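*Asks:* What follows is my_file35.tsv, TSV, C-alpha atoms and all ligand atoms.
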```
chain	number	residue	atom	x	y	z
A	1	MET	CA	-18.67	137.72	-75.93
A	2	ARG	CA	-16.03	139.03	-73.52
A	3	ASN	CA	-12.38	138.14	-73.85
A	4	LYS	CA	-12.02	137.68	-70.11
A	5	GLY	CA	-14.99	136.24	-68.23
A	6	LEU	CA	-16.76	137.94	-65.33
A	7	THR	CA	-16.17	136.84	-61.77
A	8	GLU	CA	-18.95	134.70	-60.32
A	9	GLU	CA	-19.93	137.59	-58.08
A	10	GLU	CA	-20.10	140.09	-60.94
A	11	LEU	CA	-22.06	137.66	-63.05
A	12	PHE	CA	-24.65	136.81	-60.42
A	13	SER	CA	-25.08	140.39	-59.39
A	14	PHE	CA	-25.93	141.16	-63.05
A	15	LEU	CA	-28.26	138.13	-63.33
A	16	SER	CA	-30.01	138.99	-60.06
A	17	SER	CA	-30.61	142.55	-61.20
A	18	LYS	CA	-32.24	141.24	-64.38
A	19	ARG	CA	-34.32	138.76	-62.35
A	20	GLY	CA	-35.45	141.73	-60.29
A	21	GLU	CA	-36.94	143.26	-63.46
A	22	ASP	CA	-39.35	140.30	-63.80
A	23	THR	CA	-42.87	140.77	-62.47
A	24	GLY	CA	-43.23	139.19	-59.03
A	25	HIS	CA	-45.70	136.30	-58.92
A	26	GLU	CA	-47.69	138.10	-56.21
A	27	HIS	CA	-49.01	140.36	-58.98
A	28	ILE	CA	-49.31	137.90	-61.87
A	29	LEU	CA	-53.01	137.17	-62.35
A	30	SER	CA	-52.80	136.44	-66.07
A	31	SER	CA	-50.63	133.35	-66.35
A	32	MET	CA	-51.46	129.66	-66.56
A	33	CYS	CA	-48.03	128.86	-65.15
A	34	THR	CA	-47.21	129.18	-61.49
A	35	VAL	CA	-44.43	129.00	-58.94
A	36	PRO	CA	-43.19	125.41	-58.97
A	37	HIS	CA	-44.00	123.37	-55.89
A	38	PRO	CA	-40.86	123.16	-53.66
A	39	ILE	CA	-40.85	119.39	-54.22
A	40	ALA	CA	-40.73	119.99	-57.99
A	41	ALA	CA	-37.81	122.39	-57.63
A	42	ARG	CA	-35.91	119.89	-55.49
A	43	ALA	CA	-36.53	116.97	-57.85
A	44	HIS	CA	-35.62	119.16	-60.86
A	45	GLY	CA	-32.25	119.97	-59.33
A	46	LEU	CA	-31.36	116.27	-59.08
A	47	PHE	CA	-31.83	115.64	-62.81
A	48	LEU	CA	-30.33	118.75	-64.41
A	49	GLU	CA	-28.20	117.10	-67.07
A	50	THR	CA	-30.51	114.22	-67.95
A	51	ASN	CA	-31.63	113.88	-71.57
A	52	LEU	CA	-34.69	111.82	-72.38
A	53	GLY	CA	-33.78	112.15	-76.06
A	54	ASP	CA	-31.31	109.33	-75.53
A	55	PRO	CA	-33.15	107.15	-73.02
A	56	GLY	CA	-30.63	104.31	-73.08
A	57	LEU	CA	-28.12	106.65	-71.42
A	58	PHE	CA	-30.60	107.76	-68.77
A	59	GLN	CA	-32.54	104.63	-68.01
A	60	GLY	CA	-33.52	105.69	-64.50
A	61	THR	CA	-34.90	108.99	-65.76
A	62	ALA	CA	-36.67	107.25	-68.64
A	63	SER	CA	-38.31	104.87	-66.17
A	64	LEU	CA	-39.58	107.89	-64.23
A	65	GLU	CA	-41.08	109.33	-67.43
A	66	ALA	CA	-42.85	105.99	-67.93
A	67	LEU	CA	-44.08	106.16	-64.33
A	68	LEU	CA	-45.46	109.66	-64.91
A	69	ILE	CA	-47.33	108.49	-68.00
A	70	GLY	CA	-48.65	105.53	-65.99
A	71	VAL	CA	-49.92	107.80	-63.21
A	72	LEU	CA	-51.70	110.00	-65.76
A	73	ALA	CA	-53.09	107.00	-67.63
A	74	ASP	CA	-54.64	105.74	-64.37
A	75	LEU	CA	-55.94	109.19	-63.53
A	76	TYR	CA	-57.55	109.38	-66.98
A	77	HIS	CA	-59.24	105.98	-66.62
A	78	HIS	CA	-57.21	104.04	-69.16
A	79	PRO	CA	-54.22	102.33	-67.54
A	80	ALA	CA	-53.17	100.91	-70.92
A	81	ALA	CA	-52.71	104.39	-72.41
A	82	CYS	CA	-49.22	105.26	-73.57
A	83	GLY	CA	-47.51	108.56	-74.13
A	84	TYR	CA	-44.50	110.73	-73.46
A	85	ALA	CA	-43.40	114.04	-72.04
A	86	THR	CA	-43.38	117.11	-74.25
A	87	SER	CA	-42.38	120.72	-73.77
A	88	GLY	CA	-46.02	121.70	-73.19
A	89	GLY	CA	-49.44	122.04	-74.77
A	90	THR	CA	-48.14	123.43	-78.05
A	91	GLU	CA	-45.92	120.44	-78.75
A	92	SER	CA	-48.55	117.95	-77.54
A	93	ASN	CA	-51.14	119.50	-79.84
A	94	ILE	CA	-48.76	119.44	-82.81
A	95	GLN	CA	-47.98	115.79	-82.18
A	96	ALA	CA	-51.64	114.85	-81.74
A	97	LEU	CA	-52.44	116.40	-85.11
A	98	ARG	CA	-49.42	114.68	-86.65
A	99	LEU	CA	-50.74	111.34	-85.41
A	100	ALA	CA	-54.23	112.15	-86.65
A	101	LYS	CA	-52.87	113.10	-90.07
A	102	SER	CA	-50.96	109.81	-90.28
A	103	ARG	CA	-54.33	107.98	-90.28
A	104	THR	CA	-55.59	109.67	-93.43
A	105	GLN	CA	-54.49	109.32	-97.04
A	106	TYR	CA	-55.86	112.73	-98.05
A	107	ARG	CA	-53.38	115.48	-98.88
A	108	ASP	CA	-56.01	118.15	-98.21
A	109	ALA	CA	-57.08	116.86	-94.80
A	110	ASN	CA	-58.81	119.17	-92.32
A	111	VAL	CA	-59.08	119.56	-88.57
A	112	VAL	CA	-62.23	120.71	-86.76
A	113	VAL	CA	-61.55	122.87	-83.69
A	114	PRO	CA	-63.69	125.10	-81.47
A	115	GLU	CA	-63.31	128.86	-81.76
A	116	SER	CA	-61.85	128.74	-78.25
A	117	ALA	CA	-58.90	126.56	-79.33
A	118	HIS	CA	-55.48	127.72	-78.22
A	119	PHE	CA	-53.38	129.37	-80.94
A	120	SER	CA	-51.07	126.35	-80.90
A	121	PHE	CA	-53.60	124.66	-83.23
A	122	LYS	CA	-53.00	127.39	-85.78
A	123	LYS	CA	-49.26	126.67	-85.58
A	124	ALA	CA	-49.88	122.91	-85.83
A	125	CYS	CA	-52.12	123.30	-88.88
A	126	ASP	CA	-49.58	125.61	-90.55
A	127	ILE	CA	-46.74	123.17	-90.00
A	128	LEU	CA	-48.76	120.12	-91.05
A	129	CYS	CA	-50.56	121.84	-93.96
A	130	LEU	CA	-53.96	121.03	-92.50
A	131	ASP	CA	-57.06	123.11	-93.11
A	132	MET	CA	-58.39	124.39	-89.77
A	133	ARG	CA	-62.19	124.55	-89.57
A	134	VAL	CA	-63.47	126.59	-86.67
A	135	ILE	CA	-66.73	125.81	-84.84
A	136	PRO	CA	-68.48	128.72	-83.09
A	137	LEU	CA	-69.18	128.64	-79.36
A	138	ASP	CA	-72.54	128.57	-77.60
A	139	ASP	CA	-73.67	131.26	-75.15
A	140	GLN	CA	-71.64	129.58	-72.39
A	141	PHE	CA	-68.45	129.79	-74.45
A	142	ARG	CA	-68.38	126.03	-75.08
A	143	LEU	CA	-68.15	124.53	-78.55
A	144	ASP	CA	-71.61	124.52	-80.11
A	145	ILE	CA	-72.07	120.80	-80.72
A	146	GLY	CA	-74.96	121.39	-83.09
A	147	LYS	CA	-72.52	122.95	-85.56
A	148	VAL	CA	-70.03	120.08	-85.70
A	149	ASP	CA	-71.74	117.73	-88.16
A	150	ASP	CA	-71.84	120.36	-90.87
A	151	ALA	CA	-68.12	121.08	-90.53
A	152	ILE	CA	-66.99	117.46	-90.80
A	153	ASP	CA	-66.44	115.67	-94.09
A	154	ASP	CA	-64.53	112.64	-95.36
A	155	HIS	CA	-61.27	114.58	-95.28
A	156	THR	CA	-61.58	115.46	-91.56
A	157	CYS	CA	-58.68	113.72	-89.83
A	158	CYS	CA	-59.13	115.18	-86.37
A	159	LEU	CA	-61.79	116.63	-84.12
A	160	VAL	CA	-60.58	118.72	-81.17
A	161	GLY	CA	-62.29	119.46	-77.86
A	162	ILE	CA	-60.90	121.66	-75.10
A	163	ALA	CA	-61.09	120.67	-71.44
A	164	GLY	CA	-60.46	123.97	-69.71
A	165	THR	CA	-60.30	126.72	-72.32
A	166	THR	CA	-57.46	129.20	-72.10
A	167	GLU	CA	-59.69	132.25	-72.18
A	168	TYR	CA	-62.89	131.30	-70.31
A	169	GLY	CA	-62.04	128.12	-68.38
A	170	MET	CA	-64.84	126.10	-69.98
A	171	VAL	CA	-64.98	122.39	-70.82
A	172	ASP	CA	-66.41	121.49	-74.23
A	173	PRO	CA	-69.12	118.77	-74.48
A	174	ILE	CA	-66.56	115.96	-74.67
A	175	PRO	CA	-69.03	113.01	-74.54
A	176	GLY	CA	-71.03	114.46	-77.44
A	177	LEU	CA	-67.88	115.05	-79.46
A	178	GLY	CA	-66.63	111.55	-78.61
A	179	ALA	CA	-69.87	110.09	-79.95
A	180	ILE	CA	-69.54	112.01	-83.22
A	181	ALA	CA	-65.87	111.02	-83.57
A	182	GLY	CA	-66.68	107.38	-82.79
A	183	GLU	CA	-69.50	107.19	-85.34
A	184	ARG	CA	-67.31	108.64	-88.07
A	185	ASP	CA	-64.04	106.98	-87.02
A	186	ILE	CA	-62.31	110.34	-86.61
A	187	PHE	CA	-59.31	110.85	-84.33
A	188	PHE	CA	-60.54	112.89	-81.33
A	189	HIS	CA	-57.96	114.93	-79.44
A	190	VAL	CA	-58.78	116.53	-76.09
A	191	ASP	CA	-56.64	119.53	-75.21
A	192	ALA	CA	-56.61	119.35	-71.42
A	193	ALA	CA	-53.34	121.29	-71.15
A	194	PHE	CA	-54.91	123.36	-68.39
A	195	GLY	CA	-57.89	121.32	-67.18
A	196	GLY	CA	-56.09	117.98	-67.09
A	197	MET	CA	-54.62	118.82	-63.69
A	198	VAL	CA	-57.87	120.34	-62.37
A	199	LEU	CA	-60.84	118.28	-63.54
A	200	PRO	CA	-59.81	114.91	-62.01
A	201	PHE	CA	-59.61	116.58	-58.60
A	202	LEU	CA	-62.93	118.44	-58.58
A	203	GLU	CA	-65.82	117.14	-56.50
A	204	GLU	CA	-68.13	117.46	-59.48
A	205	THR	CA	-67.42	115.00	-62.31
A	206	ILE	CA	-66.97	116.72	-65.66
A	207	PRO	CA	-66.25	114.04	-68.29
A	208	PHE	CA	-63.20	114.77	-70.43
A	209	ASP	CA	-60.84	111.78	-70.38
A	210	PHE	CA	-60.50	108.22	-71.75
A	211	ALA	CA	-63.61	107.20	-69.79
A	212	VAL	CA	-65.42	108.99	-72.61
A	213	LYS	CA	-65.78	106.71	-75.60
A	214	GLY	CA	-64.11	108.07	-78.70
A	215	VAL	CA	-61.35	110.10	-76.98
A	216	SER	CA	-58.14	109.21	-78.84
A	217	SER	CA	-55.55	111.44	-77.16
A	218	ILE	CA	-55.17	113.90	-74.31
A	219	ALA	CA	-52.72	116.78	-73.85
A	220	VAL	CA	-51.98	117.81	-70.26
A	221	ASP	CA	-49.41	120.25	-68.89
A	222	PRO	CA	-47.90	119.56	-65.49
A	223	HIS	CA	-46.15	122.96	-65.76
A	224	LYS	CA	-49.55	124.61	-65.43
A	225	MET	CA	-51.81	123.34	-62.60
A	226	GLY	CA	-49.44	120.41	-61.92
A	227	MET	CA	-46.98	122.92	-60.37
A	228	SER	CA	-44.01	121.30	-62.07
A	229	THR	CA	-41.06	123.22	-63.43
A	230	ILE	CA	-41.14	124.54	-67.01
A	231	PRO	CA	-41.20	122.92	-69.59
A	232	SER	CA	-43.42	120.03	-68.72
A	233	GLY	CA	-46.24	118.70	-70.88
A	234	CYS	CA	-47.51	115.21	-71.67
A	235	LEU	CA	-49.33	113.60	-74.56
A	236	LEU	CA	-51.34	110.43	-73.87
A	237	LEU	CA	-52.80	108.07	-76.45
A	238	ARG	CA	-55.59	105.56	-76.01
A	239	ASP	CA	-54.11	103.22	-78.60
A	240	PRO	CA	-50.48	102.32	-77.78
A	241	GLY	CA	-50.15	100.96	-81.33
A	242	LEU	CA	-50.46	104.45	-82.75
A	243	ILE	CA	-47.44	105.94	-81.03
A	244	CYS	CA	-45.05	104.66	-83.69
A	245	ALA	CA	-46.92	106.50	-86.44
A	246	THR	CA	-44.58	109.46	-85.98
A	247	SER	CA	-41.39	107.39	-85.58
A	248	VAL	CA	-38.19	108.20	-87.41
A	249	ASP	CA	-34.95	106.19	-87.44
A	250	THR	CA	-32.27	107.42	-85.05
A	251	PRO	CA	-29.16	105.52	-86.10
A	252	TYR	CA	-26.67	107.06	-83.69
A	253	LEU	CA	-28.70	106.96	-80.45
A	254	THR	CA	-29.15	104.17	-77.91
A	255	VAL	CA	-32.62	103.60	-79.34
A	256	LYS	CA	-33.31	102.81	-82.97
A	257	GLN	CA	-36.39	104.99	-83.35
A	258	GLU	CA	-37.86	108.15	-81.87
A	259	PHE	CA	-41.53	109.14	-81.99
A	260	THR	CA	-41.27	112.45	-80.12
A	261	LEU	CA	-41.07	115.85	-81.82
A	262	SER	CA	-38.15	117.18	-79.80
A	263	GLY	CA	-34.87	115.32	-79.93
A	264	THR	CA	-33.07	116.36	-76.79
A	265	ARG	CA	-35.68	116.41	-74.00
A	266	PRO	CA	-35.00	117.57	-70.43
A	267	GLY	CA	-35.58	114.92	-67.79
A	268	ALA	CA	-35.64	117.41	-64.91
A	269	PRO	CA	-39.14	118.90	-65.38
A	270	VAL	CA	-40.57	115.46	-66.15
A	271	VAL	CA	-39.28	114.06	-62.88
A	272	ALA	CA	-40.46	117.23	-61.15
A	273	ALA	CA	-43.98	116.61	-62.49
A	274	LEU	CA	-43.98	113.04	-61.20
A	275	ALA	CA	-42.54	114.14	-57.84
A	276	VAL	CA	-45.39	116.61	-57.22
A	277	LEU	CA	-48.07	114.03	-57.97
A	278	GLU	CA	-46.38	111.36	-55.84
A	279	TYR	CA	-45.84	113.77	-52.97
A	280	LEU	CA	-49.28	115.34	-52.90
A	281	GLY	CA	-51.33	112.33	-53.96
A	282	ARG	CA	-54.96	112.75	-54.98
A	283	GLU	CA	-55.88	114.33	-51.67
A	284	GLY	CA	-53.13	116.95	-51.84
A	285	MET	CA	-53.96	117.83	-55.45
A	286	ALA	CA	-57.67	118.03	-54.61
A	287	ALA	CA	-56.91	120.43	-51.75
A	288	ILE	CA	-54.89	122.73	-54.03
A	289	VAL	CA	-57.51	122.64	-56.77
A	290	GLU	CA	-60.27	123.33	-54.25
A	291	GLY	CA	-58.29	126.33	-52.96
A	292	CYS	CA	-57.97	127.72	-56.51
A	293	MET	CA	-61.69	127.17	-57.21
A	294	LYS	CA	-62.63	128.82	-53.92
A	295	ASN	CA	-60.49	131.84	-54.77
A	296	THR	CA	-62.08	131.97	-58.23
A	297	ARG	CA	-65.56	132.02	-56.67
A	298	ARG	CA	-64.51	134.67	-54.15
A	299	LEU	CA	-63.04	136.85	-56.93
A	300	ILE	CA	-66.24	136.55	-58.96
A	301	ALA	CA	-68.42	137.38	-55.94
A	302	GLY	CA	-66.18	140.33	-55.03
A	303	MET	CA	-66.18	141.78	-58.55
A	304	GLU	CA	-69.94	141.33	-58.84
A	305	SER	CA	-70.41	143.16	-55.54
A	306	TYR	CA	-68.86	146.16	-57.38
A	307	GLY	CA	-71.28	145.73	-60.27
A	308	ILE	CA	-68.70	144.04	-62.55
A	309	PRO	CA	-70.44	140.91	-63.86
A	310	ARG	CA	-68.84	137.57	-64.76
A	311	VAL	CA	-69.02	136.46	-68.39
A	312	VAL	CA	-69.66	132.82	-67.49
A	313	THR	CA	-69.40	130.55	-64.47
A	314	PRO	CA	-66.17	128.73	-65.31
A	315	ASP	CA	-65.61	124.98	-65.04
A	316	VAL	CA	-62.01	125.57	-63.95
A	317	ASN	CA	-60.16	128.39	-62.22
A	318	VAL	CA	-60.28	131.10	-64.90
A	319	ALA	CA	-62.54	134.08	-64.17
A	320	THR	CA	-63.72	136.52	-66.83
A	321	PHE	CA	-65.58	139.79	-66.48
A	322	ARG	CA	-67.57	142.16	-68.66
A	323	THR	CA	-65.75	145.41	-68.05
A	324	ASP	CA	-63.40	147.75	-69.81
A	325	ILE	CA	-61.93	149.30	-66.67
A	326	THR	CA	-58.17	149.73	-66.65
A	327	ILE	CA	-56.61	147.55	-63.98
A	328	PRO	CA	-54.11	149.60	-61.96
A	329	PRO	CA	-50.45	148.55	-61.81
A	330	PRO	CA	-48.67	146.48	-60.58
A	331	TRP	CA	-51.45	143.94	-61.26
A	332	GLN	CA	-50.90	141.89	-64.41
A	333	VAL	CA	-54.20	140.75	-65.90
A	334	SER	CA	-55.16	139.87	-69.46
A	335	ARG	CA	-58.00	140.37	-71.94
A	336	THR	CA	-59.69	137.71	-74.04
A	337	ARG	CA	-60.03	138.13	-77.81
A	338	GLN	CA	-63.50	139.52	-77.12
A	339	GLY	CA	-62.04	142.07	-74.73
A	340	HIS	CA	-63.23	140.52	-71.47
A	341	LEU	CA	-61.06	140.93	-68.40
A	342	ARG	CA	-59.45	137.55	-67.60
A	343	ILE	CA	-57.88	136.40	-64.34
A	344	VAL	CA	-56.40	132.96	-63.68
A	345	CYS	CA	-56.49	131.91	-60.03
A	346	MET	CA	-53.34	129.77	-60.02
A	347	PRO	CA	-51.91	128.21	-56.84
A	348	HIS	CA	-49.62	131.22	-56.31
A	349	VAL	CA	-52.68	133.53	-56.32
A	350	HIS	CA	-53.45	133.08	-52.64
A	351	LYS	CA	-56.61	134.25	-50.90
A	352	SER	CA	-54.74	137.29	-49.54
A	353	ILE	CA	-53.75	138.26	-53.10
A	354	ILE	CA	-57.38	138.07	-54.26
A	355	GLU	CA	-58.43	140.22	-51.30
A	356	ALA	CA	-55.69	142.78	-52.03
A	357	PHE	CA	-56.74	142.90	-55.70
A	358	LEU	CA	-60.40	143.36	-54.78
A	359	GLN	CA	-59.46	146.09	-52.33
A	360	ASP	CA	-57.53	147.95	-55.07
A	361	ILE	CA	-60.40	147.61	-57.54
A	362	GLY	CA	-62.79	148.84	-54.84
A	363	ASP	CA	-60.56	151.83	-54.07
A	364	TYR	CA	-60.28	152.73	-57.76
A	365	TYR	CA	-63.76	152.16	-59.07
A	366	ALA	CA	-66.37	151.36	-56.48
B	1	LIG	C1	-55.74	124.87	-73.49
B	1	LIG	C2	-54.31	125.16	-73.84
B	1	LIG	N1	-53.69	124.42	-74.77
B	1	LIG	C3	-52.42	124.62	-75.12
B	1	LIG	C4	-51.69	125.60	-74.53
B	1	LIG	C5	-50.25	125.82	-74.93
B	1	LIG	O1	-49.39	125.42	-73.90
B	1	LIG	P1	-47.86	125.82	-73.90
B	1	LIG	O2	-47.81	127.31	-73.81
B	1	LIG	O3	-47.34	125.14	-72.67
B	1	LIG	O4	-47.24	125.29	-75.14
B	1	LIG	C6	-52.28	126.42	-73.55
B	1	LIG	C7	-51.52	127.50	-72.92
B	1	LIG	O5	-52.00	128.27	-72.15
B	1	LIG	C8	-53.62	126.18	-73.19
B	1	LIG	O6	-54.25	126.93	-72.28
```
As structure tokens - that is how I would like this structure written.
Ligand SMILES: Cc1ncc(COP(=O)(O)O)c(C=O)c1O

*Replies:*
Amino acid sequence: MRNKGLTEEELFSFLSSKRGEDTGHEHILSSMCTVPHPIAARAHGLFLETNLGDPGLFQGTASLEALLIGVLADLYHHPAACGYATSGGTESNIQALRLAKSRTQYRDANVVVPESAHFSFKKACDILCLDMRVIPLDDQFRLDIGKVDDAIDDHTCCLVGIAGTTEYGMVDPIPGLGAIAGERDIFFHVDAAFGGMVLPFLEETIPFDFAVKGVSSIAVDPHKMGMSTIPSGCLLLRDPGLICATSVDTPYLTVKQEFTLSGTRPGAPVVAALAVLEYLGREGMAAIVEGCMKNTRRLIAGMESYGIPRVVTPDVNVATFRTDITIPPPWQVSRTRQGHLRIVCMPHVHKSIIEAFLQDIGDYYA
């Protein structure tokens, strides 16, 4: 640390130069985050110093968190659902497994997840000392439901389904999994970190939420397709009675107990998430989601016109291709664990960006 601080000008010139080293969003085709909606940025700025970790001090902000959970509970067909804001899918998944574990008395409990599960489940199982059992996928890269029964036993505390997989954009057979979980009284967590802000706004109904019997909890990330500021996730629970299962005493706060994982929690991105949903409404969200799906279809058609085939037809806006071509800079794309080219058509990936990308691929390889 310097003895004498920099001037504001010196400091911001340094910070701006570093910001300039970041990849511009016009070339980021690999991320599930996006440029925040201007409404989110504005709302965020109003709540910079708010701390949801001590809700009694920030009652207005806390009431907005409750409103956000209420909006999501309605959207997910269970207005009585409860929940809270997290830092994102990782934290929501950890907390869901923590809740699931609290329902079992077994020390060697296990969790059954699809092979497509996000790596946050590995972290959650490590932290919670849970055995992670992995179910293979079918030829459409969805969990193979025929393999679930064999993996489950009396020590299974949680079954996980993914609604919008990170790598292939597929939705697992949630109703089938819900039925299995219901029959066996197993906690069933749906990781809709990505799809939770896409699926409710599609024309086609793909069941994934509390309307499906047996779904116990849902993770959704407004900082992904909800265009909120980072970090913004939410965990929702069907049974409000369960939320206290992770409570600890908090003697020196304005509340006596806390059930969240994080202590200090930023109010700003939570309010930003609510602001986007209130501002856009269902129609606005549906228009944005439709734009992303249209761009995904256009990208797939364009790549296939060059002889580069899709891996699957995705349920949400993630396109994957069977090719090992090197994508020229400055484009930032990613590869799945199986080596497929993966592109996420987020709201910042406008039609013109898809066309420019296709043009470059055409110039290089066609
Ligand atoms: C399906 C899914 N779950 C969980 C996560 C983890 O979310 P985060 O990085 O916000 O913790 C991701 C991230 O891409 C995801 O796609």

*Asks:* Ala100 in chain A: which residues within 12 Å, counting only C-alpha atoms, same-chain residues fewer than 6 positions away excluded, as a list in words?

*Replies:* Asn93, Ile94, Tyr106, Ala109, Asn110, Val111, Val112, Ala124, Cys125, Leu128, Leu130, His155, Thr156, Cys157, Cys158, Leu159, Val160, Asp185, Ile186, Phe187, Phe188, His189, Ser216, Ser217, Leu237, Leu242, Ile243, Ala245 and Thr246 of chain A

*Asks:* Taking all atoms listed in the file into account, which of A:Leu253, A:Leu48, A:Leu68, A:Val113 comes nearest ligand LIG 1 (chain B)?

*Replies:*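 Ranked by minimum distance to ligand LIG 1 (chain B), first place goes to A:Val113.
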
*Asks:* What residues have any atom no more than 8 Å from ligand LIG 1 (chain B) when counting only C-alpha atoms and all ligand atoms, and can you list them as a ChimeraX atom specification?

*Replies:* /A:31-32,87-93,117-120,162-167,191-195,219,221,223-224,231-233

*Asks:* Pick out the closest residue to Pro314 in chain A from this set: A:Asp239, A:Glu21, A:Asp172, A:Glu283. Count only C-alpha atoms.

*Replies:* A:Asp172

*Asks:* For Val212 in chain A, which residue among A:Leu299, A:His78, A:Pro175, A:Leu57 is the nearest when counting only C-alpha atoms?

*Replies:*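 Looking at the shortest contact to Val212 in chain A, the residue is A:Pro175.
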
*Asks:* If we count all atoms listed in the file and set the cut-off at 12 Å, which residues sit around Val248 in chain A, ignoring sequence neighbours fewer than 3 positions away in its own chain? Please answer as a PyMOL selection string.

*Replies:* chain A and resi 243-245+251+253+255-263

*Asks:* Name the closest residue to Gly226 in chain A among the candidates A:Ile325, A:Ile174, A:Leu137, A:Ile39; distances are taken between atoms, counting all atoms listed in the file.

*Replies:*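 Closest residue, counting all atoms listed in the file: A:Ile39.
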
*Asks:* Which is closest to Val333 in chain A among A:Ile230, A:Ala62, A:Leu11, A:His27, if we use all atoms listed in the file?

*Replies:*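 Of A:Ile230, A:Ala62, A:Leu11, A:His27, the one nearest Val333 in chain A, counting all atoms listed in the file, is A:His27.
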
*Asks:* Might you pull out every residue within 12 Å of Gly60 in chain A, with all atoms listed in the file counted and same-chain residues fewer than 5 positions away left off, and present them as an MDAnalysis selection string?

*Replies:* chainID A and resid 47 50:52 54:55 65:67 267:268 271

*Asks:* Looking at A:Gly214, A:Pro79, A:Pro200, A:Gly241, which one is nearest to Gly176 in chain A, with distances taken over all atoms listed in the file?

*Replies:* A:Gly214

*Asks:* List the neighbours of Ala211 in chain A out to 9 Å using only C-alpha atoms; skip same-chain residues closer than 3 positions along the sequence, and give me the result as number ranges by chain.

*Replies:* A: 76-78, 207-208, 214-215

*Asks:* Enter the distance from CA of His37 in chain A to CA of Pro347 in chain A, in Å, rounded to one decimal.

*Replies:*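 Between CA of His37 in chain A and CA of Pro347 in chain A the gap works out to 9.3 Å.
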